[in-house]
Every structure is written in structure tokens, then in C-alpha cells.
2 protein chains.
Amino acid sequence: MATISDVASLAGVSTATVSRALNGKSTVDPELAARVLAAARELGYQPNGPARNLRRQEAAVIALIISDVENPFFTAIARGVEDVAHAVGYSVVLCNADENADKERRYVDVAIQERVAGVIMSPTPTATNVDLLINRGTPLVAVDRPLPERPSDTVLVDTRLAAREATEHLMTQGYQRIGCVTGPSGVRTADDRLAGYRDALRAARMKSSPRLVRRTEFKAAGANRAAQDLLAQPEPPDALLVANSAMAIGVLAALNEASRRPGRDVGVVAFDDVPWAELVDPPLTVVAQPAYEIGTVAAQLLLARIADNTRAATTTTLGARLIERESSHRGDLP
Amino acid sequence: MATISDVASLAGVSTATVSRALNGKSTVDPELAARVLAAARELGYQPNGPARNLRRQEAAVIALIISDVENPFFTAIARGVEDVAHAVGYSVVLCNADENADKERRYVDVAIQERVAGVIMSPTPTATNVDLLINRGTPLVAVDRPLPERPSDTVLVDTRLAAREATEHLMTQGYQRIGCVTGPSGVRTADDRLAGYRDALRAARMKSSPRLVRRTEFKAAGANRAAQDLLAQPEPPDALLVANSAMAIGVLAALNEASRRPGRDVGVVAFDDVPWAELVDPPLTVVAQPAYEIGTVAAQLLLARIADNTRAATTTTLGARLIERESSHRGDLP
DNA sequence: CTGAAAGCGCTAACAC
DNA sequence: GTGTTAGCGCTTTCAG
């Protein structure tokens with residue numbers, strides 16, 4: 001593997017000049033620069049990242065720590081981050097914390113150790129370890145959920161309002177006993193969606209019963225059990241607000257098994273628009289979150305903070321959009 | 001940020017001892033080791049990754065370059081790789097090449113520059129740049145598709161056989177004019193699925209017509225147009241083999257729009273089992289690929305090669321499994 | 001505008 | 001079993 005000194009001797013200049021020429025930093029005689037470039041090409045020179053990062057005390061890398069690689073919501077965020085970061089020469093490494101505090105901690109450690117330029121993360125409720133990041137002064141932006149107890153740049157969706165609107169939509173459609181299947185207590189989005197649901201019931205002076213609410217991890221299996229449980233009650237819900245797309249799969253499966261048709265028998269609205277929402281029967285009403293935009297905004301915020309870490313922390317809240325399809329329409333009554 | 005010498009002075013030992021104690025390398029007096037650990041904890045010491053990697057000439061990081069983060073097939077591979085790699089202390093960075101040769105090249109450069117311990121990738125048809133990797137001797141394993149023209153450890157699925165079996169299944173169900181919607185020419189999986197489809201037709205002495213085959217990128221939009229096009233023909237297909245799950249979405253949407261019911265009107269089998277396959281109406285027959293296992297096997301192969309780069313290149317071929325659901329059953333004829 | 005040289009933090013000979 | 005020290009490859013003063 002060729003080093004900068006190999007290039008220097010081939011080009012007949014010093015290593016300092018090679019470095020300057022390759023980085024386009026201070027001005028270098030065009031003729032020398034051309035010689036350097038030619039020599040570098042000839043040797044197939046590839047800069048040594050660790051050496052550069054050691055010297056610079058920082059890598060041109062952004063770590064993106066997300067809660068679940070298999071959730072399209074987070075992969076869409078990833079694309080947004082990548083597009084913005086690549087445009088200005090940063091690489092993005094995607095780390096899958098898997099809603100698991102240990103893995104999260106591990107990746108935060110890696111980010112610190114590799115001296116990445118900044119971190120974007122959707123924190124677990126405990127967000128262990130981020131203090132290390134903060135103390136070190138590593139630029140950090142939280143997405144989807146705020147960092148517990150610590151100020152930071154944050155990009156959120158007004159998910160409480162969106163949940164309220166979705167619930168009100170179900171009321172408008174004539175559903176009377178609306179239930180809610182949401183994520184674990186402590187996860188802000190799960191809590192907010194439940195709060196929005198309750199806001200709507202309260203505003204309509206409908207009774208809010210704990211028997212209509214289930215909390216489980218943000219996965220299909222948990223939501224499936226929750227929905228079965230809900231439907232097996234003496235007074236089952238006639239509509240359900242579901243907190244993400246993986247859960248929607250579990251809920252719709254439970255409805256199928258119980259021979260309850262979405263819309264006609266049980267109204268369903270789920271968070272996150274997914275490509276298959278229009279294909280299920282009946283098509284699924286969803287709350288579409290601007291995931292890609294969350295990513296682009298977060299990346300811009302991070303880049304701004306990398307440039308100037310004294311900025312005050314900001315919180316950006318984006319709106320969500322209800323997309324009505326058949327699963328929340330009762331259809332013609334007999 | 002505390003360094004190893006800070007820890008050394010606090011513990012009253014040399015930096016070498018700190019390094020040894022922290023890495024558990026050669027034996028260190030237990031009492032000294034304890035002092036070192038205590039000092040490190042007290043100072044909140046975090047090793048400097050770039051310095052370590054520079055010295056070691058290698059980072060304990062595996063780069064995983066996949067073709068599409070939004071494709072569940074690839075994210076499942078990622079989980080397999082992660083689980084194996086983490087168990088032995090490697091971190092995995094996920095890079096999304098997006099079926100794009102430029103991005104792929106960029107990530108390969110990053111992998112080389114950062115001196116990662118190894119690379120796992122699903123190469124684009126050109127796989128530009130991997131020669132750099134190979135010349136440098138960086139351990140490399142290809143997944144899903146072989147590296148064009150270069151030997152390497154490879155983990156594949158016998159997708160040609162799977163395509164043949166899926167097609168034969170459609171024949172058994174009584175479909176007569178079976179079509180195929182597959183990916184771009186040059187992408188091995190796309191070519192193989194088409195070849196398997198043709199194998200089946202040939203074995204059954206059925207005519208294979210180019211009018212029944214469409215090639216497009218592995219996305220919903222392209223497949224949607226392809227399916228519309230296919231259905232608009234004078235003699236449209238009465239069954240379709242579809243090469244991945246994103247394409248299946250496009251195809252099913254086209255069928256809906258044309259009011260053709262999967263199964264009854266047009267038999268459908270798609271590659272990749274996805275969580276929503278059972279929810280669409282009728283449930284989708286799929287070819288389930290062992291994606292997670294591809295990841296675990298690839299990671300094991302890579303680790304073996306990191307340990308011993310003189311091993312001969314191997315190719316592991318895993319089987320796929322047809323999961324029959326209603327979309328490939330004609331149902332009761334009138 | 002260019003070169004010499006220091007040094008980023010760590011590990012691994014090598015010497016004791 | 002422990003310490004001393006060279007040096008990984010690069011960028012960046014500092015002189016000239």
C-alpha cells in the first residue's frame with residue numbers, strides 16, 4: 001500500500017506538498033500539483049484514514065444509530081441523512097441498536113472511539129452513555145424521540161397531534177369504542193401516540209378505558225397478542241389506533257383470524273405509510289410521517305453544529321398526514 | 001479526552017502496561033492491572049480508535065455494502081452479519097450502495113481508506129473498484145450475487161432452481177401462459193430467476209415467448225409498468241413469476257387496477273417472504289430465501305478469511321423454500 | 001510557495 | 001512482568 005512518502009519521492013517533492021496538493025488546501029504550484037496527482041494515480045495511492053483521523057482528531061464520518069433496520073420508517077430517515085451528508089463529503093455509517101440499550105451503548109462507544117464528526121440517533125428510553133458524547137462535545141442530534149433529560153438538537157414529528165387527528169377521524173366515521181395498541185412505556189413516540197388518542201377521547205367526552213389500551217414492543221408478534229386479547233373481551237373495541245407498521249401487521253392478522261373485517265367490523269388506522277398499505281384488503285388508513293425529511297433536517301442540523309457547536313439547541317417538529325383508505329370506513333350499513 | 005499516558009501516570013505505571021492491561025494481552029500483575037482499570041474508569045478513558053488502527057494497521061470493523069437498505073431481504077442479511085460479527089468483537093458498518101455503481105465505488109474507497117478488516121458486499125454488475133480491495137488483499141465475501149469475473153468467497157441462493165420450482169408449481173396449478181417480471185439484465189439474481197423460469201417451460205415443452213417476459217429495476221414502479229404492459233396484450237399471461245418483493249407490490253397493484261384477482265385470474269408467485277405476504281388478499285405465494293442465514297454464513301466465511309487469507313475461495317449455495325398461499329391457487333372453477 | 005520536522009495516541013519489539 | 005522507545009501515515013506549524 002503506497003503512502004504519502006512514496007508519492008512524494010515519485011513526484012520529487014516533500015510529503016508536505018503532497019498533502020497540500022491532495023487536499024487542495026493552501027496554494028500549490030499548479031505544475032507540482034499535477035506531478036503529485038500523476039504520481040498518486042500511478043501508485044494507486046489511497047490515503048490512510050486512521051492516520052489522517054489521528055492527526056486531524058476527527059473523522060469525516062457521521063454515525064447514525066437507529067432503533068430498527070427492519071423498520072421502513074428508520075431506513076427512510078437513513079436515506080435522508082445519507083443524501084445530505086454525502087453531498088458535503090461525509091460518509092454515514094448505519095448502526096442498528098435494535099431498541100436495545102446494550103447495543104446502543106456499544107455503538108455510542110464505537111462512535112466516540114472512532115472520533116466521528118457527529119452522531120444522529122433515535123435514543124432508547126435510557127439513552128445510557130450519551131453523556132459521554134455530550135461531555136466530549138460531540139455534535140449530536142436526536143431524531144424521532146428526544147434525548148431524555150438532556151437538551152440537544154432534535155427532530156420530531158408532532159405525533160401526539162397526529163394520533164389525536166387519527167382518533168377523531170375514527171370517531172367521525174362512527175366508531176364508538178376505539179382502542180389503542182402502542183409501544184413500550186417510556187418510549188416517547190409510544191407515549192405521545194397514546195396521549196393523542198386520549199386527547200381525542202377527552203375532547204369528545206368519550207370514556208377512556210384502560211381495557212381498550214395495550215402496550216407492547218413495536219413488533220408484529222406483540223401487537224398480534226395484544227389485538228387478540230382486545231378482541232376476546234366481552235366488550236371489544238370497534239376501532240383501533242395502531243402505533244407503527246410492524247404492529248399493524250400483527251393487528252391485521254389478529255383481525256383476520258377472528259374473522260373481523262377491517263373497516264366494516266373494526267376500524268383501523270396505523271402509523272407509517274408503507275408500500276403495501278394499499279394492497280391489503282381493505283386498504284389501510286395510515287398516518288404518514290415525513291421520514292425522509294426527518295433525515296435531511298437532522299443531517300443539516302448536525303452539519304451546522306459541527307461547524308459551530310455553540311449554537312443553541314433547537315427542536316424541529318414536522319407534521320404528519322392522515323391518508324384515508326378503506327380500513328377506517330365503515331362502508332354502507334345494512 | 002484522557003489518553004493512555006494520563007491513565008499511566010495516574011496508575012503510576014508505564015503506557016505499555018496500561019496498553020497490556022486494557023487489552024488483556026500478555027500477562028500483567030493482577031494488582032497493577034486493577035490499578036490501571038481503576039485509573040481508566042476514573043478518567044473516563046476511551047481508547048483512541050484511529051491511533052489504535054493506525055498502529056495495528058487494521059480496524060476491528062467489517063463493512064457491509066448492500067444494494068438497498070429498504071429491501072427487507074438485505075436488512076435480514078445485515079442482522080445475520082451483525083449477530084456473528086458482534087459475538088467476536090467486530091463492529092459492522094452498513095453502507096447503502098443503492099444499486100448504484102458510483103455509491104458502491106465510494107463505499108469501497110471508504111472501506112479501503114479506513115482499513116476495515118473485511119468487506120461483505122452484494123456487488124453491482126460492474127463491481128467497479130473491487131480490484132483495489134482484492135489487490136490490497138482485503139478479505140472479501142460476496143453475497144446474493146457473485147463478483148463478476150473474480151473468484152471470491154461467495155454465499156448464494158440457488159435461485160435458478162427456486163425459480164424453476166416456482167414456475168412448475170404454477171404449471172401444476174393449471175396456469176397456461178406464465179410470464180415473468182425480473183430485474184435488470186446483468187444482475188445475476190435477475191438473470192438466474194429468468195433462466196429458472198425458462199428451464200421449467202422448456203422441461204414442460206411449453207413455448208417461451210419474449211412477450212411474456214419483462215425486465216426492469218428491482219422496484220415497485222418499474223414492475224407496475226411492466227405488469228400493466230403485460231396485461232394489456234392481446235394474449236396476456238395467466239400467471240406471473242415476480243423476482244422480488246418490491247416488484248410484487250407493483251405487480252399486485254397493477255392487477256388490482258386491472259380488476260384481475262390474483263390466483264383466480266392471474267397466478268402470482270414472488271420472491272422473498274415478507275411480513276405482509278399473508279395479509280394481502282389473497283395471501284401471496286412466495287419463494288422464501290434464507291436471508292438471515294446468508295448473513296451468518298457470510299460473516300463466518302469472512303472471519304475465517306481474516307484469520308487465514310490463503311484459504312481457497314468457496315461458494316456456499318443455500319436453498320430457498322416455496323411457501324404456497326392463495327395467490328397461486330386457481331380456486332374452484334365454476 | 002515549499003520543505004523539515006514535530007507529534008497525534010497507541011502497540012509491540014526489545015531490553016531489563 | 002514491566003519499562004523504554006520507535007514508529008504507524010498523516011497534517012501542520014515554522015522557517016526559509
# chains A, B, ... in the order shown; residues from 1 in each chain; ligands from 1
>>> interface_residues(of="chain A", to="chain C", cutoff="9 Å", atoms="only C-alpha atoms (C1' of nucleotides)", output="list in words")
Val13, Ser14, Thr15, Ala16, Thr17, Thr27, Val28, Asp29, Ala51, Asn53, Leu54, Arg55, Arg56 and Gln57 of chain A
>>> write_last_selection(atoms="C-alpha atoms", output="tab-separated table (two decimals), in the first residue's frame")
chain	number	residue	atom	x	y	z
A	13	VAL	CA	8.59	16.83	-3.72
A	14	SER	CA	8.14	16.73	0.05
A	15	THR	CA	5.37	14.94	1.86
A	16	ALA	CA	4.02	18.30	2.95
A	17	THR	CA	3.49	19.30	-0.64
A	27	THR	CA	-1.95	27.06	-2.81
A	28	VAL	CA	0.47	24.77	-4.53
A	29	ASP	CA	2.28	25.44	-7.77
A	51	ALA	CA	-3.52	8.23	10.17
A	53	ASN	CA	-8.09	10.90	11.54
A	54	LEU	CA	-5.48	10.58	14.24
A	55	ARG	CA	-3.79	13.71	13.06
A	56	ARG	CA	-6.99	15.63	12.46
A	57	GLN	CA	-8.55	14.35	15.66
>>> closest_atom_pairs(of="chain A", to="chain B", cutoff="6 Å", atoms="only C-alpha atoms", output="JSON lines")
{"residue": "A:Pro47", "atom": "CA", "partner": "B:Gln113", "partner_atom": "CA", "distance": 5.9}
{"residue": "A:Asn48", "atom": "CA", "partner": "B:Gln113", "partner_atom": "CA", "distance": 5.2}
{"residue": "A:Gly49", "atom": "CA", "partner": "B:Glu114", "partner_atom": "CA", "distance": 4.7}
{"residue": "A:Pro50", "atom": "CA", "partner": "B:Pro50", "partner_atom": "CA", "distance": 4.4}
{"residue": "A:Ala51", "atom": "CA", "partner": "B:Leu54", "partner_atom": "CA", "distance": 5.6}
{"residue": "A:Asn53", "atom": "CA", "partner": "B:Pro50", "partner_atom": "CA", "distance": 5.9}
{"residue": "A:Leu54", "atom": "CA", "partner": "B:Pro50", "partner_atom": "CA", "distance": 5.1}
{"residue": "A:Val93", "atom": "CA", "partner": "B:Val93", "partner_atom": "CA", "distance": 5.4}
{"residue": "A:Leu94", "atom": "CA", "partner": "B:Leu94", "partner_atom": "CA", "distance": 5.1}
{"residue": "A:Gln113", "atom": "CA", "partner": "B:Gly49", "partner_atom": "CA", "distance": 4.9}
{"residue": "A:Glu114", "atom": "CA", "partner": "B:Gly49", "partner_atom": "CA", "distance": 4.7}
{"residue": "A:Leu279", "atom": "CA", "partner": "B:Val280", "partner_atom": "CA", "distance": 5.9}
{"residue": "A:Val280", "atom": "CA", "partner": "B:Val280", "partner_atom": "CA", "distance": 4.2}
{"residue": "A:Asp281", "atom": "CA", "partner": "B:Asp281", "partner_atom": "CA", "distance": 5.6}
>>> closest_atom_pairs(of="chain D", to="chain A", cutoff="10 Å", atoms="only C-alpha atoms (C1' of nucleotides)", output="tab-separated table")
residue	atom	partner	partner_atom	distance
D:DC8	C1'	A:Ala51	CA	7.8
D:DG9	C1'	A:Ala51	CA	5.0
D:DC10	C1'	A:Arg52	CA	5.0
D:DT11	C1'	A:Arg55	CA	6.2
D:DT12	C1'	A:Ala16	CA	8.5
>>> closest_residue(among="B:Ala33, B:Val274, B:Ala2, B:Ala307", to="DT2 in chain D", atoms="only C-alpha atoms (C1' of nucleotides)")
B:Ala33
>>> select_by_dssp(residues="range 59-240 of chain A", states="alpha helix (DSSP H)", output="NGL selection string")
:A and (72-87 or 101-113 or 130-136 or 159-172 or 188-203 or 220-231)
>>> select_by_dssp(residues="range 38-178 of chain B", states="strand (DSSP E)", output="MDAnalysis selection string")
chainID B and resid 59:66 91:96 116:121 140:143 153:157 178
>>> write_last_selection(atoms="N, CA, C and O atoms", output="compact mmCIF listing (two decimals), in the first residue's frame")
# COMPACT_ATOMS: atom_id res chain seq x y z
N ALA B 59 -8.64 -2.09 11.39
CA ALA B 59 -9.71 -1.77 12.34
C ALA B 59 -10.60 -3.00 12.55
O ALA B 59 -10.78 -3.79 11.63
N ALA B 60 -11.10 -3.15 13.75
CA ALA B 60 -11.98 -4.29 14.04
C ALA B 60 -13.39 -3.99 13.55
O ALA B 60 -14.36 -3.99 14.30
N VAL B 61 -13.46 -3.71 12.26
CA VAL B 61 -14.72 -3.28 11.67
C VAL B 61 -14.93 -4.04 10.37
O VAL B 61 -13.99 -4.25 9.61
N ILE B 62 -16.13 -4.46 10.16
CA ILE B 62 -16.49 -5.10 8.89
C ILE B 62 -17.42 -4.16 8.15
O ILE B 62 -18.38 -3.65 8.73
N ALA B 63 -17.13 -3.93 6.90
CA ALA B 63 -18.04 -3.11 6.09
C ALA B 63 -19.01 -4.03 5.36
O ALA B 63 -18.60 -5.01 4.75
N LEU B 64 -20.28 -3.69 5.44
CA LEU B 64 -21.30 -4.46 4.74
C LEU B 64 -21.96 -3.54 3.73
O LEU B 64 -22.65 -2.59 4.11
N ILE B 65 -21.68 -3.78 2.47
CA ILE B 65 -22.19 -2.89 1.42
C ILE B 65 -23.33 -3.58 0.71
O ILE B 65 -23.12 -4.58 0.02
N ILE B 66 -24.54 -3.10 0.93
CA ILE B 66 -25.70 -3.77 0.36
C ILE B 66 -26.36 -2.91 -0.71
O ILE B 66 -26.13 -1.72 -0.80
N SER B 91 -17.26 -4.67 14.91
CA SER B 91 -18.39 -3.81 14.61
C SER B 91 -18.73 -3.93 13.13
O SER B 91 -17.86 -4.23 12.32
N VAL B 92 -19.97 -3.65 12.81
CA VAL B 92 -20.39 -3.72 11.41
C VAL B 92 -20.88 -2.35 10.99
O VAL B 92 -21.69 -1.74 11.68
N VAL B 93 -20.35 -1.84 9.90
CA VAL B 93 -20.93 -0.61 9.39
C VAL B 93 -21.67 -0.94 8.10
O VAL B 93 -21.18 -1.64 7.24
N LEU B 94 -22.88 -0.45 8.05
CA LEU B 94 -23.76 -0.77 6.95
C LEU B 94 -23.68 0.36 5.93
O LEU B 94 -23.85 1.52 6.29
N CYS B 95 -23.43 0.01 4.69
CA CYS B 95 -23.34 1.03 3.66
C CYS B 95 -24.36 0.71 2.59
O CYS B 95 -24.46 -0.42 2.14
N ASN B 96 -25.09 1.72 2.19
CA ASN B 96 -26.19 1.52 1.26
C ASN B 96 -25.79 1.96 -0.14
O ASN B 96 -25.82 3.14 -0.46
N VAL B 116 -10.63 -1.28 6.99
CA VAL B 116 -11.50 -2.25 7.67
C VAL B 116 -10.91 -3.65 7.55
O VAL B 116 -10.11 -3.92 6.65
N ALA B 117 -11.34 -4.51 8.46
CA ALA B 117 -10.78 -5.86 8.48
C ALA B 117 -11.30 -6.71 7.33
O ALA B 117 -10.64 -7.65 6.90
N GLY B 118 -12.46 -6.36 6.82
CA GLY B 118 -13.03 -7.15 5.73
C GLY B 118 -14.29 -6.51 5.19
O GLY B 118 -14.85 -5.60 5.81
N VAL B 119 -14.71 -6.99 4.04
CA VAL B 119 -15.87 -6.42 3.37
C VAL B 119 -16.82 -7.53 2.93
O VAL B 119 -16.38 -8.56 2.41
N ILE B 120 -18.09 -7.32 3.18
CA ILE B 120 -19.12 -8.20 2.64
C ILE B 120 -19.98 -7.35 1.73
O ILE B 120 -20.42 -6.28 2.14
N MET B 121 -20.20 -7.79 0.52
CA MET B 121 -21.00 -6.95 -0.37
C MET B 121 -21.85 -7.73 -1.36
O MET B 121 -21.53 -8.86 -1.72
N LEU B 140 -12.77 -10.48 1.51
CA LEU B 140 -13.98 -10.03 0.83
C LEU B 140 -14.91 -11.21 0.64
O LEU B 140 -14.47 -12.27 0.20
N VAL B 141 -16.17 -11.06 0.98
CA VAL B 141 -17.11 -12.09 0.57
C VAL B 141 -18.32 -11.46 -0.11
O VAL B 141 -18.81 -10.41 0.28
N ALA B 142 -18.72 -12.10 -1.19
CA ALA B 142 -19.86 -11.62 -1.97
C ALA B 142 -21.11 -12.34 -1.49
O ALA B 142 -21.07 -13.54 -1.22
N VAL B 143 -22.20 -11.63 -1.37
CA VAL B 143 -23.46 -12.27 -1.02
C VAL B 143 -24.52 -11.98 -2.07
O VAL B 143 -24.47 -10.94 -2.73
N ASP B 153 -14.86 -15.74 -1.96
CA ASP B 153 -15.87 -16.43 -1.17
C ASP B 153 -17.22 -15.83 -1.51
O ASP B 153 -17.35 -14.61 -1.66
N THR B 154 -18.19 -16.69 -1.63
CA THR B 154 -19.48 -16.24 -2.12
C THR B 154 -20.59 -17.02 -1.43
O THR B 154 -20.45 -18.23 -1.22
N VAL B 155 -21.64 -16.33 -1.06
CA VAL B 155 -22.81 -17.01 -0.49
C VAL B 155 -24.02 -16.68 -1.35
O VAL B 155 -24.41 -15.52 -1.47
N LEU B 156 -24.57 -17.72 -1.93
CA LEU B 156 -25.66 -17.53 -2.87
C LEU B 156 -26.87 -18.35 -2.46
O LEU B 156 -26.79 -19.23 -1.59
N VAL B 157 -27.96 -18.09 -3.14
CA VAL B 157 -29.13 -18.94 -3.02
C VAL B 157 -29.31 -19.60 -4.37
O VAL B 157 -29.02 -18.99 -5.40
N ILE B 178 -47.60 -18.53 -18.60
CA ILE B 178 -46.91 -17.99 -17.44
C ILE B 178 -45.89 -16.95 -17.87
O ILE B 178 -45.09 -17.20 -18.78
